[in-house]
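> Below are the structure tokens for one structure; questions will follow.
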Amino acid sequence: MNLRLHLGELEGTFDMEKAVCNHGFFMMAPNVWNPSTKSLHRPLTLSDSSSVDVTISHPPTLSFLVVQVHGINNVSRVDEELILKQVGRMLRISEKDERDMIEFHQVHEAAKKSGFGRIFRSPSLFEDMVKSILLCNSTWSKTLGMASDLCALQLKLADGTIRPSTTSRVSKKRKPNPKFKRATRGNFPSAKEIASLEKEVINEHCKLGYRANQIVNLAKKVENGSLNLEKMEMGEMEVEQVIEKMNKLKGFGPFATATVLMCLGYYHLVPSDTETLRLLREVHEMKECSKETLEKAAKSIYDRFSPFQSLAYWFDLIQDYETKLGKLSKLSRTDYNSVSGSCHTKKQLEANE
């Protein structure tokens, strides 16, 4: 019993495989990429806060995406729109994203030839922000583990194994609609779910260390309205205002901020981390580059691609990884742990506690 939804018409520049497999986020739970079918599987959120499993694919003969919603044969118009909105966000299917892709290709011929330009992101900005924190000062294996543990925690919250803290001011989550078959695996926890827990409970189940405090603080700011992610997402704030807001958040130093800005469609900041330093030394042969000169060195290479500096940087990074590892889209999930440094930062140049 599956429901089949369609999203499109897709523009000619869209390539499902390239739209997904270009950033470490696609390897992080609850995302599951199937190399053989070139499809993406994960839970998505419905209007009543429950989750359903979906599989997203782009059959080569069709001009639209196929979204299979598992375990149900009907949804409300509201839920249909919500599911498709989340899919569209992940794969950057919008007029703005298409325009950005075309304009980037006008200044970067190699990216145009390879079809690169859509950086994969999450169904929600909150998930992007939490995952950006998980990338900081961590090995890739640990980052993958923390994301998986958070999804397992969400499933325990959904089935009542873990209950929200009694001191939480967050309203009780509505009961899932009984006509829907709930997702069989944990979704990424929402701001409401994270804000309902104490950091000690999160660390008991997820071992996030100091990050638990950072994501709880973030979730509570979202829930109490002091951080309006919708305004950030919809472009109702100038980019300078977004940066100013993020600079006040615990856990968002230069790297995490640049990553989130990229998720929002602002590409002018190149993330500064040890991978950036390695790339400049190895690929661009800037052997004398150091963390003190990194920002200036990165600008000297990527400012010519303005305002798409981070896209040009990410293109170089992905090309370097795939030269060494083969296509990221062909890797099996069991290989992800061995992709040390791939598509993420192992360690920031600055701590952001």
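Identifiers in the structure tokens: chain A, B, ... in order shown; residue index from 1 per chain; ligand index from 1 in order shown.
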What's the 12 Å shell around Met146 in chain A, counting only C-alpha atoms, without same-chain residues fewer than 2 positions away, as a VMD selection string?

chain A and resid 28 to 30 130 to 136 138 to 144 148 to 153 188 202 to 209 211 to 212

> Produce a file of the selected residues containing N, CA, C and O atoms, as a CSV table (one decimal), in the first residue's frame.


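This went into part.csv:
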```csv
chain,number,residue,atom,x,y,z
A,28,MET,N,24.3,11.1,5.9
A,28,MET,CA,23.9,11.2,7.3
A,28,MET,C,22.5,10.7,7.4
A,28,MET,O,21.6,11.1,6.7
A,29,ALA,N,22.2,10.0,8.5
A,29,ALA,CA,20.9,9.5,8.8
A,29,ALA,C,20.0,10.8,9.0
A,29,ALA,O,20.4,11.8,9.4
A,30,PRO,N,18.7,10.6,8.6
A,30,PRO,CA,18.1,9.4,8.1
A,30,PRO,C,18.1,9.1,6.6
A,30,PRO,O,17.3,8.3,6.1
A,130,VAL,N,21.5,21.7,12.8
A,130,VAL,CA,22.0,20.7,13.7
A,130,VAL,C,23.1,19.8,13.1
A,130,VAL,O,24.2,19.6,13.7
A,131,LYS,N,23.0,19.4,11.9
A,131,LYS,CA,24.0,18.6,11.2
A,131,LYS,C,25.3,19.4,11.0
A,131,LYS,O,26.4,18.9,11.1
A,132,SER,N,25.2,20.7,10.8
A,132,SER,CA,26.4,21.6,10.7
A,132,SER,C,27.1,21.6,12.0
A,132,SER,O,28.4,21.6,12.0
A,133,ILE,N,26.4,21.5,13.1
A,133,ILE,CA,27.1,21.4,14.4
A,133,ILE,C,27.8,20.1,14.6
A,133,ILE,O,28.9,20.0,15.1
A,134,LEU,N,27.1,19.0,14.1
A,134,LEU,CA,27.7,17.7,14.2
A,134,LEU,C,28.9,17.5,13.4
A,134,LEU,O,29.8,16.6,13.7
A,135,LEU,N,29.1,18.3,12.4
A,135,LEU,CA,30.3,18.2,11.5
A,135,LEU,C,31.5,18.8,12.2
A,135,LEU,O,32.6,18.5,11.8
A,136,CYS,N,31.3,19.6,13.2
A,136,CYS,CA,32.4,20.4,13.8
A,136,CYS,C,33.2,19.6,14.8
A,136,CYS,O,32.7,18.9,15.7
A,138,SER,N,35.0,16.8,14.8
A,138,SER,CA,34.6,15.5,14.9
A,138,SER,C,35.2,14.6,13.8
A,138,SER,O,35.4,15.2,12.7
A,139,THR,N,35.5,13.4,14.0
A,139,THR,CA,35.8,12.5,12.9
A,139,THR,C,34.5,12.2,12.1
A,139,THR,O,33.4,12.4,12.7
A,140,TRP,N,34.6,11.8,10.9
A,140,TRP,CA,33.5,11.6,10.1
A,140,TRP,C,32.7,10.4,10.6
A,140,TRP,O,31.4,10.4,10.6
A,141,SER,N,33.4,9.4,11.1
A,141,SER,CA,32.7,8.2,11.7
A,141,SER,C,31.8,8.6,12.8
A,141,SER,O,30.7,8.2,13.0
A,142,LYS,N,32.4,9.5,13.7
A,142,LYS,CA,31.6,9.9,14.9
A,142,LYS,C,30.4,10.8,14.4
A,142,LYS,O,29.3,10.7,15.0
A,143,THR,N,30.6,11.6,13.4
A,143,THR,CA,29.5,12.5,12.9
A,143,THR,C,28.4,11.6,12.4
A,143,THR,O,27.2,11.9,12.7
A,144,LEU,N,28.7,10.6,11.6
A,144,LEU,CA,27.7,9.7,11.2
A,144,LEU,C,26.9,9.0,12.3
A,144,LEU,O,25.7,8.8,12.3
A,148,SER,N,22.9,9.2,13.4
A,148,SER,CA,22.1,8.0,13.5
A,148,SER,C,21.5,7.9,14.9
A,148,SER,O,20.3,7.5,15.1
A,149,ASP,N,22.2,8.2,15.9
A,149,ASP,CA,21.7,8.2,17.3
A,149,ASP,C,20.6,9.2,17.5
A,149,ASP,O,19.6,8.9,18.2
A,150,LEU,N,20.7,10.3,16.9
A,150,LEU,CA,19.6,11.3,17.0
A,150,LEU,C,18.3,10.8,16.4
A,150,LEU,O,17.2,11.0,16.9
A,151,CYS,N,18.4,10.1,15.3
A,151,CYS,CA,17.3,9.5,14.6
A,151,CYS,C,16.7,8.4,15.4
A,151,CYS,O,15.4,8.2,15.5
A,152,ALA,N,17.5,7.6,16.1
A,152,ALA,CA,17.0,6.5,17.0
A,152,ALA,C,16.3,7.1,18.2
A,152,ALA,O,15.3,6.6,18.6
A,153,LEU,N,16.8,8.3,18.7
A,153,LEU,CA,16.2,9.0,19.8
A,153,LEU,C,14.8,9.5,19.3
A,153,LEU,O,13.9,9.4,20.1
A,188,PHE,N,14.8,12.6,11.6
A,188,PHE,CA,15.6,13.5,12.3
A,188,PHE,C,14.8,14.3,13.3
A,188,PHE,O,13.7,14.8,12.8
A,202,ILE,N,19.7,13.7,26.1
A,202,ILE,CA,20.2,13.6,24.8
A,202,ILE,C,21.6,12.9,24.8
A,202,ILE,O,21.9,12.0,24.0
A,203,ASN,N,22.5,13.3,25.7
A,203,ASN,CA,23.8,12.7,25.8
A,203,ASN,C,23.7,11.2,26.3
A,203,ASN,O,24.6,10.4,25.9
A,204,GLU,N,22.7,10.9,27.1
A,204,GLU,CA,22.6,9.5,27.5
A,204,GLU,C,22.4,8.6,26.3
A,204,GLU,O,22.9,7.5,26.3
A,205,HIS,N,21.6,9.1,25.3
A,205,HIS,CA,21.3,8.3,24.2
A,205,HIS,C,22.2,8.5,23.0
A,205,HIS,O,22.3,7.7,22.1
A,206,CYS,N,22.8,9.7,22.9
A,206,CYS,CA,23.4,10.1,21.6
A,206,CYS,C,24.9,10.4,21.8
A,206,CYS,O,25.6,10.6,20.8
A,207,LYS,N,25.4,10.7,23.0
A,207,LYS,CA,26.8,11.0,23.2
A,207,LYS,C,27.3,12.1,22.4
A,207,LYS,O,28.3,12.0,21.7
A,208,LEU,N,26.6,13.2,22.4
A,208,LEU,CA,27.0,14.4,21.7
A,208,LEU,C,28.0,15.3,22.4
A,208,LEU,O,28.5,16.2,21.7
A,209,GLY,N,28.2,15.1,23.7
A,209,GLY,CA,29.1,15.9,24.4
A,209,GLY,C,28.6,17.4,24.5
A,209,GLY,O,27.4,17.6,24.7
A,211,ARG,N,28.0,19.4,22.3
A,211,ARG,CA,27.0,19.7,21.2
A,211,ARG,C,25.6,19.6,21.7
A,211,ARG,O,24.7,20.3,21.1
A,212,ALA,N,25.3,18.7,22.7
A,212,ALA,CA,24.0,18.6,23.2
A,212,ALA,C,23.4,19.9,23.7
A,212,ALA,O,22.3,20.3,23.4
```

> Please identify which residues in range 82-269 of chain A DSSP calls alpha helix (DSSP H) from the backbone, and express them as a PyMOL selection string.

chain A and resi 82-91+95-107+109-114+125-135+140-158+191-195+199-206+210-224+229-233+239-247+254-264

> Extract the full set of strand (DSSP E or B) residues from range 48-168 of chain A according to DSSP on the backbone, and format it as number ranges by chain.

A: 51-57, 65-70

> How about saving the chosen residues, C-alpha atoms kept, as a tab-separated table (two decimals), in the first residue's frame?


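Everything below was put into result-v4.tsv:
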```
chain	number	residue	atom	x	y	z
A	51	SER	CA	6.47	10.78	9.96
A	52	VAL	CA	6.11	8.60	6.90
A	53	ASP	CA	8.76	6.78	4.89
A	54	VAL	CA	9.25	7.99	1.33
A	55	THR	CA	11.37	6.93	-1.62
A	56	ILE	CA	12.32	9.61	-4.15
A	57	SER	CA	13.40	8.69	-7.66
A	65	LEU	CA	10.22	13.17	-9.72
A	66	VAL	CA	8.32	10.21	-8.33
A	67	VAL	CA	7.78	10.26	-4.57
A	68	GLN	CA	6.49	6.97	-3.17
A	69	VAL	CA	4.92	7.37	0.27
A	70	HIS	CA	5.03	3.98	1.95
```

> Please indicate the distance in Å from CA of Ser272 in chain A to CA of Phe255 in chain A, rounded to one decimal place.

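Between these atoms lies a distance of 5.4 Å.
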
> Tell me which protein, DNA and RNA residues are within 10 Å of range 313-323 of chain A, counting only C-alpha atoms, leaving out same-chain ones fewer than 2 positions away, and put them as a VMD selection string.

chain A and resid 21 to 23 108 110 to 111 114 116 to 117 119 267 269 to 271 275 to 276 278 to 280 282 to 284 298 301 to 302 305 308 to 311 325 to 329 339 341 to 344

> CA of Val78 in chain A and CA of Leu5 in chain A are how many Å apart?

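Between CA of Val78 in chain A and CA of Leu5 in chain A the gap is 13.2 Å.
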